[in-house]
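**Q** Here it is: the structure, laid out below.
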Amino acid sequence: GKAPDKILVFRDGISEGQYKNVLETELQQLKVRARQENPATKLTMICISKRINTRFFDVSRGADRPANPVSGTVVDNSIVSANIAQFFLVSQLTNQGTVSPTSYDVIHDEMGWPLVEYQRLMYKLCHLYYNWTVSLKLWK
């Protein structure tokens with residue numbers, strides 16, 4: 001019976017070049033509607049990209065060749081964007097082939113959580129699909 005204080009929006013299917021348009025149109029419309037119900041509502045928008053060319057390998061295990069990183073691996077420095085809060089998450093275990101990470105870009109953040117909290121939330125959400133016993137690449 002009460003409007004939420006915090007809303008976390010996940011946006012998929014857009015490129016980095018479209019972020020400005022999403023912020024100016026979609027986010028503004030969401031803010032207007034959310035704040036009609038509760039003026040104190042804080043909105044955070046995270047853009048998700050599944051089809052990326054970035055790959056990670058684990059060379060620390062001492063094997064003859066690089067291996068896939070373990071499920072839950074997060075990369076949030078060195079290769080991420082300097083302009084926005086960004087991280088890569090390997091959320092699933094792959095027994096064959098090369099695992100594909102998912103990119104998460106926090107393009108608007110009013111909640112002010114530390115980036116590690118978003119990382120934990122994304123990983124945990126990947127385990128909530130009721131019809132599958134292992135983690136998913138992306139929670140929908």
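Identifiers in the structure tokens: chain A, B, ... in order shown; residue index from 1 per chain; ligand index from 1 in order shown.
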If you count only C-alpha atoms, which residues fall within 8 Å of stretch 2-5 of chain A, apart from same-chain ones fewer than 3 positions away, as a ChimeraX atom specification?
**A** /A:37-38,40-42
**Q** Quick one: which stretch 40-59 of chain A residues come within 10 Å of stretch 83-93 of chain A, and what is the nearest atom pair for each with the distance in Å to one decimal, counting only C-alpha atoms, rows ordered by chain and ascending number, as JSON lines?
**A**
{"residue": "A:Ile46", "atom": "CA", "partner": "A:Gln86", "partner_atom": "CA", "distance": 9.2}
{"residue": "A:Cys47", "atom": "CA", "partner": "A:Gln86", "partner_atom": "CA", "distance": 9.4}
{"residue": "A:Ile48", "atom": "CA", "partner": "A:Phe88", "partner_atom": "CA", "distance": 9.7}
{"residue": "A:Ser49", "atom": "CA", "partner": "A:Phe88", "partner_atom": "CA", "distance": 9.5}
{"residue": "A:Thr54", "atom": "CA", "partner": "A:Phe88", "partner_atom": "CA", "distance": 9.0}
{"residue": "A:Arg55", "atom": "CA", "partner": "A:Val90", "partner_atom": "CA", "distance": 9.6}
{"residue": "A:Phe56", "atom": "CA", "partner": "A:Val90", "partner_atom": "CA", "distance": 8.7}
**Q** For the residues in the current selection, export all heavy atoms as a PDB file, in the first residue's frame.
**A**
ATOM      1  N   ILE A  46      20.668   0.601 -14.552  1.00  0.00           N
ATOM      2  CA  ILE A  46      21.824  -0.191 -14.955  1.00  0.00           C
ATOM      3  C   ILE A  46      21.559  -0.765 -16.335  1.00  0.00           C
ATOM      4  O   ILE A  46      20.540  -1.413 -16.561  1.00  0.00           O
ATOM      5  CB  ILE A  46      22.097  -1.332 -13.954  1.00  0.00           C
ATOM      6  CG1 ILE A  46      22.387  -0.760 -12.565  1.00  0.00           C
ATOM      7  CG2 ILE A  46      23.249  -2.203 -14.438  1.00  0.00           C
ATOM      8  CD1 ILE A  46      22.602  -1.801 -11.497  1.00  0.00           C
ATOM      9  N   CYS A  47      22.486  -0.518 -17.263  1.00  0.00           N
ATOM     10  CA  CYS A  47      22.397  -1.069 -18.607  1.00  0.00           C
ATOM     11  C   CYS A  47      23.214  -2.347 -18.674  1.00  0.00           C
ATOM     12  O   CYS A  47      24.352  -2.398 -18.196  1.00  0.00           O
ATOM     13  CB  CYS A  47      22.894  -0.066 -19.644  1.00  0.00           C
ATOM     14  SG  CYS A  47      21.807   1.356 -19.790  1.00  0.00           S
ATOM     15  N   ILE A  48      22.621  -3.366 -19.262  1.00  0.00           N
ATOM     16  CA  ILE A  48      23.231  -4.690 -19.324  1.00  0.00           C
ATOM     17  C   ILE A  48      23.542  -5.030 -20.772  1.00  0.00           C
ATOM     18  O   ILE A  48      22.704  -4.859 -21.647  1.00  0.00           O
ATOM     19  CB  ILE A  48      22.267  -5.743 -18.727  1.00  0.00           C
ATOM     20  CG1 ILE A  48      21.913  -5.364 -17.292  1.00  0.00           C
ATOM     21  CG2 ILE A  48      22.866  -7.131 -18.811  1.00  0.00           C
ATOM     22  CD1 ILE A  48      20.771  -6.155 -16.723  1.00  0.00           C
ATOM     23  N   SER A  49      24.755  -5.524 -21.001  1.00  0.00           N
ATOM     24  CA  SER A  49      25.151  -5.948 -22.348  1.00  0.00           C
ATOM     25  C   SER A  49      25.638  -7.391 -22.297  1.00  0.00           C
ATOM     26  O   SER A  49      26.616  -7.699 -21.615  1.00  0.00           O
ATOM     27  CB  SER A  49      26.270  -5.057 -22.890  1.00  0.00           C
ATOM     28  OG  SER A  49      25.846  -3.724 -22.963  1.00  0.00           O
ATOM     29  N   THR A  54      34.447  -9.167 -25.018  1.00  0.00           N
ATOM     30  CA  THR A  54      35.390  -9.303 -23.914  1.00  0.00           C
ATOM     31  C   THR A  54      35.363 -10.731 -23.370  1.00  0.00           C
ATOM     32  O   THR A  54      34.292 -11.292 -23.160  1.00  0.00           O
ATOM     33  CB  THR A  54      35.041  -8.306 -22.792  1.00  0.00           C
ATOM     34  OG1 THR A  54      34.949  -7.007 -23.341  1.00  0.00           O
ATOM     35  CG2 THR A  54      36.063  -8.336 -21.686  1.00  0.00           C
ATOM     36  N   ARG A  55      36.538 -11.288 -23.137  1.00  0.00           N
ATOM     37  CA  ARG A  55      36.656 -12.617 -22.539  1.00  0.00           C
ATOM     38  C   ARG A  55      37.717 -12.571 -21.454  1.00  0.00           C
ATOM     39  O   ARG A  55      38.693 -11.830 -21.548  1.00  0.00           O
ATOM     40  CB  ARG A  55      37.058 -13.668 -23.584  1.00  0.00           C
ATOM     41  CG  ARG A  55      36.064 -13.843 -24.722  1.00  0.00           C
ATOM     42  CD  ARG A  55      34.745 -14.446 -24.238  1.00  0.00           C
ATOM     43  NE  ARG A  55      33.829 -14.657 -25.341  1.00  0.00           N
ATOM     44  CZ  ARG A  55      32.848 -13.824 -25.677  1.00  0.00           C
ATOM     45  NH1 ARG A  55      32.668 -12.707 -25.000  1.00  0.00           N
ATOM     46  NH2 ARG A  55      32.050 -14.090 -26.673  1.00  0.00           N
ATOM     47  N   PHE A  56      37.525 -13.376 -20.425  1.00  0.00           N
ATOM     48  CA  PHE A  56      38.478 -13.452 -19.330  1.00  0.00           C
ATOM     49  C   PHE A  56      38.958 -14.886 -19.182  1.00  0.00           C
ATOM     50  O   PHE A  56      38.212 -15.831 -19.428  1.00  0.00           O
ATOM     51  CB  PHE A  56      37.829 -12.996 -18.015  1.00  0.00           C
ATOM     52  CG  PHE A  56      37.331 -11.586 -18.059  1.00  0.00           C
ATOM     53  CD1 PHE A  56      35.972 -11.316 -18.001  1.00  0.00           C
ATOM     54  CD2 PHE A  56      38.210 -10.529 -18.160  1.00  0.00           C
ATOM     55  CE1 PHE A  56      35.511 -10.020 -18.051  1.00  0.00           C
ATOM     56  CE2 PHE A  56      37.759  -9.229 -18.217  1.00  0.00           C
ATOM     57  CZ  PHE A  56      36.405  -8.973 -18.155  1.00  0.00           C
TER      58      PHE A  56
END
**Q** What does the distance between atom CA of A:Asp109 and atom CA of A:Glu26 come to in Å, to one decimal place?
**A**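 Answer for the atom CA of A:Asp109 to atom CA of A:Glu26 separation: 14.5 Å.
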**Q** Which of these, A:Leu115, A:Leu128, A:Val75, A:Ile7, has the shortest distance to A:Arg35 once you count only C-alpha atoms?
**A**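 Closest candidate: A:Ile7.
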**Q** What's the separation between atom CA of A:Ala34 and atom CA of A:Asp105, in Å to one decimal place?
**A**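 Between atom CA of A:Ala34 and atom CA of A:Asp105 the gap is 21.9 Å.
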**Q** Between A:Tyr123, A:Lys50, A:Gln36, A:Tyr118, single out the one closest to A:Ser100, counting only C-alpha atoms.
**A**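 Closest to A:Ser100, using only C-alpha atoms: A:Lys50.
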